[in-house]
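Peer 1: I am sharing start_1.pdb, which consists of PDB, C-alpha atoms:
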```
ATOM      1  CA  MET I   1      94.486  62.624  90.724  1.00  0.00           C
ATOM      2  CA  TYR I   2      94.958  66.357  90.545  1.00  0.00           C
ATOM      3  CA  LYS I   3      92.671  69.004  89.125  1.00  0.00           C
ATOM      4  CA  ILE I   4      94.806  71.164  86.847  1.00  0.00           C
ATOM      5  CA  GLU I   5      93.355  74.413  85.482  1.00  0.00           C
ATOM      6  CA  LEU I   6      94.730  77.180  83.278  1.00  0.00           C
ATOM      7  CA  LYS I   7      93.246  80.603  83.849  1.00  0.00           C
ATOM      8  CA  PRO I   8      94.072  83.785  81.908  1.00  0.00           C
ATOM      9  CA  HIS I   9      96.416  86.100  83.750  1.00  0.00           C
ATOM     10  CA  LYS I  10      94.650  89.456  83.823  1.00  0.00           C
ATOM     11  CA  GLY I  11      95.537  92.672  85.587  1.00  0.00           C
ATOM     12  CA  ILE I  12      94.550  96.287  85.871  1.00  0.00           C
ATOM     13  CA  GLN I  13      96.811  98.759  84.122  1.00  0.00           C
ATOM     14  CA  ARG I  14      96.627 102.459  84.784  1.00  0.00           C
ATOM     15  CA  SER I  15      96.280 104.850  81.898  1.00  0.00           C
ATOM     16  CA  MET I  16      95.456 108.515  81.315  1.00  0.00           C
ATOM     17  CA  PHE I  17      91.839 107.489  80.858  1.00  0.00           C
ATOM     18  CA  GLY I  18      91.625 105.483  84.035  1.00  0.00           C
ATOM     19  CA  PRO I  19      92.272 101.841  84.842  1.00  0.00           C
ATOM     20  CA  ILE I  20      92.042  99.354  81.973  1.00  0.00           C
ATOM     21  CA  GLU I  21      92.044  95.577  82.140  1.00  0.00           C
ATOM     22  CA  VAL I  22      94.845  93.840  80.265  1.00  0.00           C
ATOM     23  CA  GLU I  23      95.609  90.178  79.690  1.00  0.00           C
ATOM     24  CA  HIS I  24      99.192  89.028  80.053  1.00  0.00           C
ATOM     25  CA  ASP I  25     101.007  86.722  77.696  1.00  0.00           C
ATOM     26  CA  GLN I  26     100.716  83.745  80.021  1.00  0.00           C
ATOM     27  CA  TRP I  27      98.320  81.400  81.774  1.00  0.00           C
ATOM     28  CA  MET I  28      98.062  81.005  85.525  1.00  0.00           C
ATOM     29  CA  ILE I  29      98.345  77.371  86.582  1.00  0.00           C
ATOM     30  CA  TYR I  30      96.114  76.086  89.354  1.00  0.00           C
ATOM     31  CA  ALA I  31      96.495  72.664  90.937  1.00  0.00           C
ATOM     32  CA  ASN I  32      93.573  71.606  93.123  1.00  0.00           C
ATOM     33  CA  GLY I  33      92.492  75.230  93.320  1.00  0.00           C
ATOM     34  CA  LEU I  34      95.897  76.580  94.376  1.00  0.00           C
ATOM     35  CA  HIS I  35      97.896  78.909  92.158  1.00  0.00           C
ATOM     36  CA  VAL I  36     101.197  77.099  91.617  1.00  0.00           C
ATOM     37  CA  GLY I  37     102.823  78.774  88.627  1.00  0.00           C
ATOM     38  CA  TYR I  38     102.613  80.208  85.119  1.00  0.00           C
ATOM     39  CA  VAL I  39     103.031  79.021  81.565  1.00  0.00           C
ATOM     40  CA  GLY I  40     103.684  81.413  78.693  1.00  0.00           C
ATOM     41  CA  LYS I  41     101.379  81.439  75.682  1.00  0.00           C
ATOM     42  CA  GLN I  42     104.137  81.658  73.094  1.00  0.00           C
ATOM     43  CA  GLU I  43     105.465  78.578  71.331  1.00  0.00           C
ATOM     44  CA  GLY I  44     108.239  77.030  73.447  1.00  0.00           C
ATOM     45  CA  ALA I  45     107.372  79.067  76.534  1.00  0.00           C
ATOM     46  CA  PRO I  46     108.085  77.130  79.716  1.00  0.00           C
ATOM     47  CA  ILE I  47     106.100  76.217  82.809  1.00  0.00           C
ATOM     48  CA  ASN I  48     107.342  78.210  85.796  1.00  0.00           C
ATOM     49  CA  ILE I  49     106.616  76.598  89.133  1.00  0.00           C
ATOM     50  CA  PHE I  50     106.867  78.547  92.389  1.00  0.00           C
ATOM     51  CA  ALA I  51     108.113  75.800  94.668  1.00  0.00           C
ATOM     52  CA  GLU I  52     109.267  72.238  94.718  1.00  0.00           C
ATOM     53  CA  MET I  53     106.509  69.867  93.772  1.00  0.00           C
ATOM     54  CA  HIS I  54     106.056  66.128  94.085  1.00  0.00           C
ATOM     55  CA  LYS I  55     107.234  64.408  90.901  1.00  0.00           C
ATOM     56  CA  SER I  56     103.902  62.686  90.265  1.00  0.00           C
ATOM     57  CA  MET I  57     102.035  65.977  90.549  1.00  0.00           C
ATOM     58  CA  LEU I  58     104.541  67.745  88.316  1.00  0.00           C
ATOM     59  CA  SER I  59     104.355  64.983  85.737  1.00  0.00           C
ATOM     60  CA  GLU I  60     100.564  64.991  85.689  1.00  0.00           C
ATOM     61  CA  MET I  61     100.452  68.758  85.514  1.00  0.00           C
ATOM     62  CA  LYS I  62     102.924  68.852  82.604  1.00  0.00           C
ATOM     63  CA  LYS I  63     100.934  66.203  80.746  1.00  0.00           C
ATOM     64  CA  CYS I  64      97.657  68.036  81.298  1.00  0.00           C
ATOM     65  CA  ILE I  65      99.077  71.388  80.185  1.00  0.00           C
ATOM     66  CA  GLU I  66     100.649  69.861  77.090  1.00  0.00           C
ATOM     67  CA  GLN I  67      97.320  68.317  76.175  1.00  0.00           C
ATOM     68  CA  THR I  68      95.523  71.618  76.680  1.00  0.00           C
ATOM     69  CA  LEU I  69      98.040  73.718  74.766  1.00  0.00           C
ATOM     70  CA  GLY I  70      98.776  71.072  72.127  1.00  0.00           C
ATOM     71  CA  ARG I  71     102.541  71.453  72.364  1.00  0.00           C
ATOM     72  CA  SER I  72     105.524  70.272  74.351  1.00  0.00           C
ATOM     73  CA  VAL I  73     106.253  72.440  77.398  1.00  0.00           C
ATOM     74  CA  PRO I  74     109.559  72.521  79.279  1.00  0.00           C
ATOM     75  CA  VAL I  75     109.500  72.982  83.037  1.00  0.00           C
ATOM     76  CA  VAL I  76     111.565  75.687  84.737  1.00  0.00           C
ATOM     77  CA  MET I  77     112.303  75.159  88.378  1.00  0.00           C
ATOM     78  CA  PRO I  78     115.456  76.040  90.326  1.00  0.00           C
ATOM     79  CA  PRO I  79     117.490  72.932  91.209  1.00  0.00           C
ATOM     80  CA  THR I  80     116.746  71.644  94.684  1.00  0.00           C
ATOM     81  CA  ASP I  81     119.515  71.404  97.245  1.00  0.00           C
ATOM     82  CA  GLN I  82     119.276  67.621  96.927  1.00  0.00           C
ATOM     83  CA  GLU I  83     119.716  67.804  93.152  1.00  0.00           C
ATOM     84  CA  VAL I  84     122.750  70.032  93.552  1.00  0.00           C
ATOM     85  CA  ALA I  85     124.217  67.596  96.086  1.00  0.00           C
ATOM     86  CA  GLU I  86     123.532  64.626  93.788  1.00  0.00           C
ATOM     87  CA  HIS I  87     125.111  66.494  90.897  1.00  0.00           C
ATOM     88  CA  PHE I  88     128.359  66.993  92.779  1.00  0.00           C
ATOM     89  CA  LYS I  89     128.218  63.437  94.126  1.00  0.00           C
ATOM     90  CA  SER I  90     127.973  62.062  90.568  1.00  0.00           C
ATOM     91  CA  LEU I  91     130.948  64.198  89.547  1.00  0.00           C
ATOM     92  CA  GLU I  92     132.994  62.785  92.414  1.00  0.00           C
ATOM     93  CA  LYS I  93     131.939  59.260  91.460  1.00  0.00           C
ATOM     94  CA  GLY I  94     133.043  59.877  87.859  1.00  0.00           C
ATOM     95  CA  GLU I  95     136.459  60.999  89.048  1.00  0.00           C
ATOM     96  CA  GLU I  96     136.808  57.890  91.201  1.00  0.00           C
ATOM     97  CA  ASP I  97     135.909  55.657  88.226  1.00  0.00           C
ATOM     98  CA  GLU I  98     138.675  57.212  86.193  1.00  0.00           C
TER      99      GLU I  98
ATOM    100  CA  MET T  99      86.297  98.767 110.980  1.00  0.00           C
ATOM    101  CA  PRO T 100      89.088  96.882 112.720  1.00  0.00           C
ATOM    102  CA  ILE T 101      91.882  95.508 110.619  1.00  0.00           C
ATOM    103  CA  THR T 102      91.912  91.797 111.198  1.00  0.00           C
ATOM    104  CA  GLU T 103      94.132  90.563 108.415  1.00  0.00           C
ATOM    105  CA  THR T 104      97.774  89.772 108.889  1.00  0.00           C
ATOM    106  CA  HIS T 105      99.706  92.407 106.993  1.00  0.00           C
ATOM    107  CA  ALA T 106     103.246  91.691 108.103  1.00  0.00           C
ATOM    108  CA  ASP T 107     105.188  89.349 105.921  1.00  0.00           C
ATOM    109  CA  THR T 108     108.692  88.916 104.555  1.00  0.00           C
ATOM    110  CA  GLY T 109     109.894  88.236 101.040  1.00  0.00           C
ATOM    111  CA  ALA T 110     110.483  84.542 101.740  1.00  0.00           C
ATOM    112  CA  GLY T 111     108.817  82.479  99.041  1.00  0.00           C
ATOM    113  CA  ALA T 112     108.590  85.247  96.444  1.00  0.00           C
ATOM    114  CA  THR T 113     109.407  84.211  92.883  1.00  0.00           C
ATOM    115  CA  ILE T 114     110.173  85.781  89.532  1.00  0.00           C
ATOM    116  CA  SER T 115     109.406  84.157  86.200  1.00  0.00           C
ATOM    117  CA  PHE T 116     109.490  85.022  82.524  1.00  0.00           C
ATOM    118  CA  SER T 117     107.108  84.043  79.774  1.00  0.00           C
ATOM    119  CA  SER T 118     109.762  82.775  77.385  1.00  0.00           C
ATOM    120  CA  THR T 119     113.197  82.894  79.017  1.00  0.00           C
ATOM    121  CA  THR T 120     114.049  79.649  80.786  1.00  0.00           C
ATOM    122  CA  PHE T 121     116.074  81.165  83.564  1.00  0.00           C
ATOM    123  CA  ALA T 122     115.753  79.576  86.980  1.00  0.00           C
ATOM    124  CA  ALA T 123     118.499  80.802  89.252  1.00  0.00           C
ATOM    125  CA  LYS T 124     118.409  80.810  93.024  1.00  0.00           C
ATOM    126  CA  ILE T 125     117.159  84.277  93.918  1.00  0.00           C
ATOM    127  CA  ARG T 126     118.646  86.242  96.805  1.00  0.00           C
ATOM    128  CA  SER T 127     116.616  89.416  96.529  1.00  0.00           C
ATOM    129  CA  ILE T 128     114.149  91.188  94.257  1.00  0.00           C
ATOM    130  CA  GLN T 129     113.999  94.979  94.128  1.00  0.00           C
ATOM    131  CA  LEU T 130     110.550  95.851  92.832  1.00  0.00           C
ATOM    132  CA  PRO T 131     109.868  98.814  90.538  1.00  0.00           C
ATOM    133  CA  THR T 132     109.178 102.361  91.589  1.00  0.00           C
ATOM    134  CA  TRP T 133     106.335 103.898  89.630  1.00  0.00           C
ATOM    135  CA  THR T 134     107.034 107.582  89.175  1.00  0.00           C
ATOM    136  CA  VAL T 135     105.577 110.515  87.367  1.00  0.00           C
ATOM    137  CA  ASP T 136     107.676 113.554  86.472  1.00  0.00           C
ATOM    138  CA  ASP T 137     107.051 116.937  88.042  1.00  0.00           C
ATOM    139  CA  LEU T 138     106.344 119.902  85.767  1.00  0.00           C
ATOM    140  CA  GLU T 139     107.078 123.195  87.389  1.00  0.00           C
ATOM    141  CA  LYS T 140     104.443 125.809  86.682  1.00  0.00           C
ATOM    142  CA  SER T 141     105.682 128.685  88.801  1.00  0.00           C
ATOM    143  CA  THR T 142     105.127 132.090  87.229  1.00  0.00           C
ATOM    144  CA  LEU T 143     106.524 135.520  87.829  1.00  0.00           C
ATOM    145  CA  ASP T 144     103.811 136.278  90.296  1.00  0.00           C
ATOM    146  CA  THR T 145     104.423 133.159  92.363  1.00  0.00           C
ATOM    147  CA  THR T 146     105.500 134.360  95.753  1.00  0.00           C
ATOM    148  CA  SER T 147     105.669 131.277  97.916  1.00  0.00           C
ATOM    149  CA  TYR T 148     106.807 127.742  97.101  1.00  0.00           C
ATOM    150  CA  LYS T 149     107.482 126.509  93.586  1.00  0.00           C
ATOM    151  CA  GLU T 150     104.315 125.180  92.027  1.00  0.00           C
ATOM    152  CA  PHE T 151     104.045 121.888  90.215  1.00  0.00           C
ATOM    153  CA  VAL T 152     101.679 119.728  88.221  1.00  0.00           C
ATOM    154  CA  PRO T 153     102.224 116.069  87.526  1.00  0.00           C
ATOM    155  CA  SER T 154     103.258 115.073  84.012  1.00  0.00           C
ATOM    156  CA  ASP T 155     101.045 112.817  81.914  1.00  0.00           C
ATOM    157  CA  LEU T 156     102.768 109.446  81.834  1.00  0.00           C
ATOM    158  CA  VAL T 157     104.092 107.199  84.566  1.00  0.00           C
ATOM    159  CA  ASP T 158     107.476 105.490  84.285  1.00  0.00           C
ATOM    160  CA  PRO T 159     106.755 101.764  84.748  1.00  0.00           C
ATOM    161  CA  GLY T 160     110.140 101.238  86.384  1.00  0.00           C
ATOM    162  CA  GLU T 161     112.360  98.198  86.476  1.00  0.00           C
ATOM    163  CA  VAL T 162     113.045  95.119  88.565  1.00  0.00           C
ATOM    164  CA  SER T 163     116.509  94.445  89.908  1.00  0.00           C
ATOM    165  CA  VAL T 164     117.296  90.890  90.954  1.00  0.00           C
ATOM    166  CA  THR T 165     120.277  89.465  92.761  1.00  0.00           C
ATOM    167  CA  CYS T 166     120.837  85.736  92.375  1.00  0.00           C
ATOM    168  CA  LEU T 167     123.466  83.102  92.940  1.00  0.00           C
ATOM    169  CA  PHE T 168     125.481  83.039  89.751  1.00  0.00           C
ATOM    170  CA  PRO T 169     124.263  80.040  87.757  1.00  0.00           C
ATOM    171  CA  THR T 170     127.340  78.799  85.922  1.00  0.00           C
ATOM    172  CA  SER T 171     125.359  75.871  84.519  1.00  0.00           C
ATOM    173  CA  LEU T 172     122.422  77.880  83.161  1.00  0.00           C
ATOM    174  CA  THR T 173     121.837  79.756  79.955  1.00  0.00           C
ATOM    175  CA  LEU T 174     121.873  83.443  80.796  1.00  0.00           C
ATOM    176  CA  PRO T 175     119.060  85.813  79.850  1.00  0.00           C
ATOM    177  CA  THR T 176     119.499  87.729  76.610  1.00  0.00           C
ATOM    178  CA  VAL T 177     120.145  91.399  77.194  1.00  0.00           C
ATOM    179  CA  ALA T 178     118.498  93.125  74.252  1.00  0.00           C
ATOM    180  CA  ALA T 179     115.809  95.717  73.825  1.00  0.00           C
ATOM    181  CA  THR T 180     114.466  93.796  70.817  1.00  0.00           C
ATOM    182  CA  VAL T 181     113.545  90.707  72.837  1.00  0.00           C
ATOM    183  CA  THR T 182     110.447  91.427  74.872  1.00  0.00           C
ATOM    184  CA  GLU T 183     108.499  89.112  77.132  1.00  0.00           C
ATOM    185  CA  THR T 184     106.382  89.106  80.253  1.00  0.00           C
ATOM    186  CA  CYS T 185     108.045  89.219  83.656  1.00  0.00           C
ATOM    187  CA  THR T 186     105.981  88.198  86.671  1.00  0.00           C
ATOM    188  CA  ILE T 187     106.983  88.677  90.281  1.00  0.00           C
ATOM    189  CA  THR T 188     104.786  86.675  92.599  1.00  0.00           C
ATOM    190  CA  PHE T 189     104.538  87.522  96.268  1.00  0.00           C
ATOM    191  CA  PRO T 190     104.471  84.796  98.912  1.00  0.00           C
ATOM    192  CA  LEU T 191     101.059  83.346  99.635  1.00  0.00           C
ATOM    193  CA  ARG T 192      99.682  84.962 102.747  1.00  0.00           C
ATOM    194  CA  LYS T 193      97.567  83.397 105.434  1.00  0.00           C
ATOM    195  CA  VAL T 194      94.450  85.386 106.195  1.00  0.00           C
ATOM    196  CA  ALA T 195      93.167  85.594 109.723  1.00  0.00           C
ATOM    197  CA  SER T 196      89.788  87.182 110.213  1.00  0.00           C
ATOM    198  CA  THR T 197      87.371  87.428 113.090  1.00  0.00           C
ATOM    199  CA  THR T 198      84.716  85.609 111.073  1.00  0.00           C
ATOM    200  CA  THR T 199      86.692  83.088 109.070  1.00  0.00           C
ATOM    201  CA  THR T 200      90.114  81.518 108.811  1.00  0.00           C
ATOM    202  CA  SER T 201      91.148  80.540 105.354  1.00  0.00           C
ATOM    203  CA  ASN T 202      94.258  80.402 103.264  1.00  0.00           C
ATOM    204  CA  GLU T 203      94.643  82.386 100.091  1.00  0.00           C
ATOM    205  CA  THR T 204      94.864  80.434  96.889  1.00  0.00           C
ATOM    206  CA  THR T 205      96.204  83.142  94.590  1.00  0.00           C
ATOM    207  CA  ALA T 206      99.210  85.193  95.556  1.00  0.00           C
ATOM    208  CA  ALA T 207      99.610  88.858  94.658  1.00  0.00           C
ATOM    209  CA  ASN T 208     101.762  89.622  91.654  1.00  0.00           C
ATOM    210  CA  ILE T 209     103.304  92.343  89.549  1.00  0.00           C
ATOM    211  CA  ALA T 210     103.481  91.540  85.847  1.00  0.00           C
ATOM    212  CA  GLY T 211     104.299  93.313  82.650  1.00  0.00           C
ATOM    213  CA  THR T 212     106.157  93.171  79.377  1.00  0.00           C
ATOM    214  CA  GLY T 213     109.695  94.400  79.026  1.00  0.00           C
ATOM    215  CA  TYR T 214     113.239  93.379  78.325  1.00  0.00           C
ATOM    216  CA  PHE T 215     116.467  92.468  80.091  1.00  0.00           C
ATOM    217  CA  LYS T 216     118.278  95.752  80.427  1.00  0.00           C
ATOM    218  CA  SER T 217     121.462  94.510  82.060  1.00  0.00           C
ATOM    219  CA  PHE T 218     123.176  91.451  83.469  1.00  0.00           C
ATOM    220  CA  GLN T 219     126.019  92.051  85.835  1.00  0.00           C
ATOM    221  CA  PHE T 220     128.428  89.182  86.335  1.00  0.00           C
ATOM    222  CA  PRO T 221     129.659  88.484  89.876  1.00  0.00           C
ATOM    223  CA  ASN T 222     132.795  89.712  91.565  1.00  0.00           C
ATOM    224  CA  LEU T 223     135.213  86.826  91.870  1.00  0.00           C
ATOM    225  CA  GLN T 224     137.072  87.139  95.118  1.00  0.00           C
ATOM    226  CA  LEU T 225     138.008  85.178  98.200  1.00  0.00           C
ATOM    227  CA  GLY T 226     135.306  84.727 100.801  1.00  0.00           C
ATOM    228  CA  ASN T 227     132.528  86.082  98.604  1.00  0.00           C
ATOM    229  CA  LEU T 228     129.508  84.408  97.109  1.00  0.00           C
ATOM    230  CA  GLN T 229     129.275  84.598  93.345  1.00  0.00           C
ATOM    231  CA  GLU T 230     126.216  86.782  92.952  1.00  0.00           C
ATOM    232  CA  ALA T 231     124.899  88.122  89.685  1.00  0.00           C
ATOM    233  CA  THR T 232     122.524  91.041  89.291  1.00  0.00           C
ATOM    234  CA  PHE T 233     120.172  91.567  86.402  1.00  0.00           C
ATOM    235  CA  VAL T 234     117.683  94.303  85.620  1.00  0.00           C
ATOM    236  CA  PHE T 235     114.401  93.795  83.784  1.00  0.00           C
ATOM    237  CA  LYS T 236     112.905  97.009  82.439  1.00  0.00           C
ATOM    238  CA  PHE T 237     109.130  97.217  82.048  1.00  0.00           C
ATOM    239  CA  ASP T 238     108.419  98.693  78.619  1.00  0.00           C
ATOM    240  CA  GLY T 239     104.886  99.907  79.409  1.00  0.00           C
ATOM    241  CA  ASP T 240     103.331  97.946  76.567  1.00  0.00           C
ATOM    242  CA  THR T 241     101.270  95.501  78.632  1.00  0.00           C
ATOM    243  CA  GLY T 242     101.307  96.450  82.302  1.00  0.00           C
ATOM    244  CA  PRO T 243     102.955  96.500  84.639  1.00  0.00           C
ATOM    245  CA  THR T 244      99.944  95.539  86.687  1.00  0.00           C
ATOM    246  CA  PHE T 245      99.665  94.810  90.371  1.00  0.00           C
ATOM    247  CA  THR T 246      97.095  92.168  91.210  1.00  0.00           C
ATOM    248  CA  LYS T 247      95.997  91.679  94.778  1.00  0.00           C
ATOM    249  CA  SER T 248      96.083  88.300  96.436  1.00  0.00           C
ATOM    250  CA  ALA T 249      92.847  86.404  96.822  1.00  0.00           C
TER     251      ALA T 249
END
```
Just dump the structure as C-alpha cells.
Peer 2:
Amino acid sequence: MYKIELKPHKGIQRSMFGPIEVEHDQWMIYANGLHVGYVGKQEGAPINIFAEMHKSMLSEMKKCIEQTLGRSVPVVMPPTDQEVAEHFKSLEKGEEDE
Amino acid sequence: MPITETHADTGAGATISFSSTTFAAKIRSIQLPTWTVDDLEKSTLDTTSYKEFVPSDLVDPGEVSVTCLFPTSLTLPTVAATVTETCTITFPLRKVASTTTTSNETTAANIAGTGYFKSFQFPNLQLGNLQEATFVFKFDGDTGPTFTKSA
C-alpha cells in the first residue's frame, strides 16, 4: 500500500515589483512522502516519472491519480534497457518464425 | 556558520518533463537557461572614465537545450510558437549531511516555466557516431521560469 499525494507545483517568479508566487500547470506527485514525478493539469496530460518504478507501485499510483483527477492518464517514462533488449529480442524471434 | 551540507553533485539523475507533450527520450545532457538582463549605456558627454550602464527592466527567461539519443520510435515534439506548455527540469535528489541531523531530501530542486519548442535538430547520420538529437525549449516568460530549492 502506497500513500500517493498530489501537491500544487508552485514557484517564485521574479518581476519588476519583486518576487511573486506562481502556480504551474501541473501537480507534483509524491509517493510515500517522496517526490517522484509530475502530472499536467490539462486534459490528456501525462504522468512523468523520474526513474524506473516497481510495476505494482506504478499501477497503484496511476489508479490513484486517475481517481483524483477523474480522467485517464498516460504514463511517460523512458524505456528501460531491459525493455529495449526485449523489444529487439521479440523482433529477432519474429524473423525466425517467418 | 560552517557549511555542513554537501554541495558537490553531478547531473546524474536529472530529468526533464513537459506538461502535455509525451516525449520520453534518453537524455544525454541538459543545458539550463541563462537569465540575462540587457545593459543600457548611460554615458554622457561629461563622462570621463569608463562607460556607464544601468540594467534594463526585463529579464530574458532564456531557453533549455537538450541532447538526447534520437528516438526513432517516439513521436517528436511539435516545434511551434503557438503550442505552449510547462517544461520542468528536475535536479537529482541530494543527500543532506549536517552536524545535527542526517536526512534525505524528499523534494528535488527544479526549474519550471511555460514556453514552446523552438527547434528540433535531427542527428548526424555517420559511421561511428551515436544518433543524437538536440532540441531547444524557449521559456516564454508567461508563467515562470521559477527555480525552486530542494527540500
Peer 1: Could you tell me how far CA of Thr232 (chain T) sits from CA of Leu167 (chain T), in Å to one decimal place?
Peer 2: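 The value is 8.8 Å.
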Peer 1: Quick one: residues within 10 Å of Phe235 (chain T), all atoms listed in the file counted, chain neighbours fewer than 6 positions away excluded, as a VMD selection string?
Peer 2: chain T and resid 131 160 to 164 177 184 to 185 212 to 218
Peer 1: Do you have, as a tab-separated table, the list of residues of chain I lying at most 9 Å from chain T, each with its nearest atom pair and that distance in Å to one decimal, counting all atoms listed in the file and ordered by chain then number?
Peer 2:
```
residue	atom	partner	partner_atom	distance
I:Lys10	CA	T:Thr246	CA	8.2
I:Gly11	CA	T:Thr244	CA	5.4
I:Ile12	CA	T:Thr244	CA	5.5
I:Gln13	CA	T:Thr244	CA	5.2
I:Arg14	CA	T:Thr244	CA	7.9
I:Ser15	CA	T:Leu156	CA	8.0
I:Met16	CA	T:Asp155	CA	7.1
I:Val22	CA	T:Thr241	CA	6.8
I:Glu23	CA	T:Thr241	CA	7.8
I:His24	CA	T:Thr241	CA	6.9
I:Asp25	CA	T:Thr184	CA	6.4
I:Gln26	CA	T:Ser117	CA	6.4
I:Tyr30	CA	T:Thr205	CA	8.8
I:Gly33	CA	T:Thr204	CA	6.7
I:Leu34	CA	T:Thr204	CA	4.7
I:His35	CA	T:Thr205	CA	5.2
I:Val36	CA	T:Thr205	CA	8.4
I:Gly37	CA	T:Ser115	CA	8.8
I:Tyr38	CA	T:Ser115	CA	7.9
I:Val39	CA	T:Ser117	CA	6.7
I:Gly40	CA	T:Ser117	CA	4.5
I:Lys41	CA	T:Ser117	CA	7.5
I:Gln42	CA	T:Ser118	CA	7.2
I:Glu43	CA	T:Ser118	CA	8.5
I:Gly44	CA	T:Ser118	CA	7.1
I:Ala45	CA	T:Ser118	CA	4.5
I:Pro46	CA	T:Ser118	CA	6.3
I:Ile47	CA	T:Ser117	CA	8.5
I:Asn48	CA	T:Ser115	CA	6.3
I:Ile49	CA	T:Ser115	CA	8.6
I:Phe50	CA	T:Thr113	CA	6.2
I:Ala51	CA	T:Gly111	CA	8.0
I:Pro74	CA	T:Thr120	CA	8.6
I:Val75	CA	T:Thr120	CA	8.4
I:Val76	CA	T:Thr120	CA	6.1
I:Met77	CA	T:Ala122	CA	5.8
I:Pro78	CA	T:Ala122	CA	4.9
I:Pro79	CA	T:Ala122	CA	8.1
```
Peer 1: Take the residues that were just selected and, keeping C-alpha atoms, output them as a short mmCIF file (atom, residue, chain, number, x, y, z; two decimals), in the frame of the given file.
Peer 2:
```
data_model
loop_
_atom_site.label_atom_id
_atom_site.label_comp_id
_atom_site.auth_asym_id
_atom_site.auth_seq_id
_atom_site.Cartn_x
_atom_site.Cartn_y
_atom_site.Cartn_z
CA LYS I 10 94.65 89.46 83.82
CA GLY I 11 95.54 92.67 85.59
CA ILE I 12 94.55 96.29 85.87
CA GLN I 13 96.81 98.76 84.12
CA ARG I 14 96.63 102.46 84.78
CA SER I 15 96.28 104.85 81.90
CA MET I 16 95.46 108.52 81.32
CA VAL I 22 94.84 93.84 80.26
CA GLU I 23 95.61 90.18 79.69
CA HIS I 24 99.19 89.03 80.05
CA ASP I 25 101.01 86.72 77.70
CA GLN I 26 100.72 83.74 80.02
CA TYR I 30 96.11 76.09 89.35
CA GLY I 33 92.49 75.23 93.32
CA LEU I 34 95.90 76.58 94.38
CA HIS I 35 97.90 78.91 92.16
CA VAL I 36 101.20 77.10 91.62
CA GLY I 37 102.82 78.77 88.63
CA TYR I 38 102.61 80.21 85.12
CA VAL I 39 103.03 79.02 81.56
CA GLY I 40 103.68 81.41 78.69
CA LYS I 41 101.38 81.44 75.68
CA GLN I 42 104.14 81.66 73.09
CA GLU I 43 105.46 78.58 71.33
CA GLY I 44 108.24 77.03 73.45
CA ALA I 45 107.37 79.07 76.53
CA PRO I 46 108.08 77.13 79.72
CA ILE I 47 106.10 76.22 82.81
CA ASN I 48 107.34 78.21 85.80
CA ILE I 49 106.62 76.60 89.13
CA PHE I 50 106.87 78.55 92.39
CA ALA I 51 108.11 75.80 94.67
CA PRO I 74 109.56 72.52 79.28
CA VAL I 75 109.50 72.98 83.04
CA VAL I 76 111.56 75.69 84.74
CA MET I 77 112.30 75.16 88.38
CA PRO I 78 115.46 76.04 90.33
CA PRO I 79 117.49 72.93 91.21
#
```
Peer 1: Pick the closest to Leu130 (chain T) from T:Phe168, T:Phe151, T:Val181, T:Ile187: which is it, counting all atoms listed in the file?
Peer 2: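 Closest candidate: T:Ile187.
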Peer 1: Go ahead and fit an axis-aligned box to every listed atom of region 4-11 of chain I plus 8 Å each side, and pass me the centre and edge lengths in Å, one decimal, as lines of an AutoDock Vina configuration file.
Peer 2:
```
center_x = 94.8
center_y = 81.9
center_z = 84.4
size_x = 19.2
size_y = 37.5
size_z = 20.9
```
Peer 1: In Å, with one decimal, what is the gap from CA of Gly226 (chain T) to CA of Cys166 (chain T)?
Peer 2: 16.8 Å
Peer 1: I'd like the contact shell of Met1 (chain I) - 12 Å cut-off, only C-alpha atoms, skipping same-chain residues fewer than 6 positions apart - returned as a PyMOL selection string.
Peer 2: chain I and resi 31-32+56-61+64
Peer 1: What's the separation between CA of Lys236 (chain T) and CA of Phe189 (chain T), in Å to one decimal place?
Peer 2: 18.7 Å
Peer 1: Tell me which residues the PyMOL selection byres ((chain I and resi 6) around 9) grabs here, as a VMD selection string.
Peer 2: chain I and resid 4 to 5 7 to 8 27 to 30 38 to 39 65 68
Peer 1: Which residues match the PyMOL selection byres ((chain T and resi 136) around 6) in the file above, as a PyMOL selection string?
Peer 2: chain T and resi 135+137+154
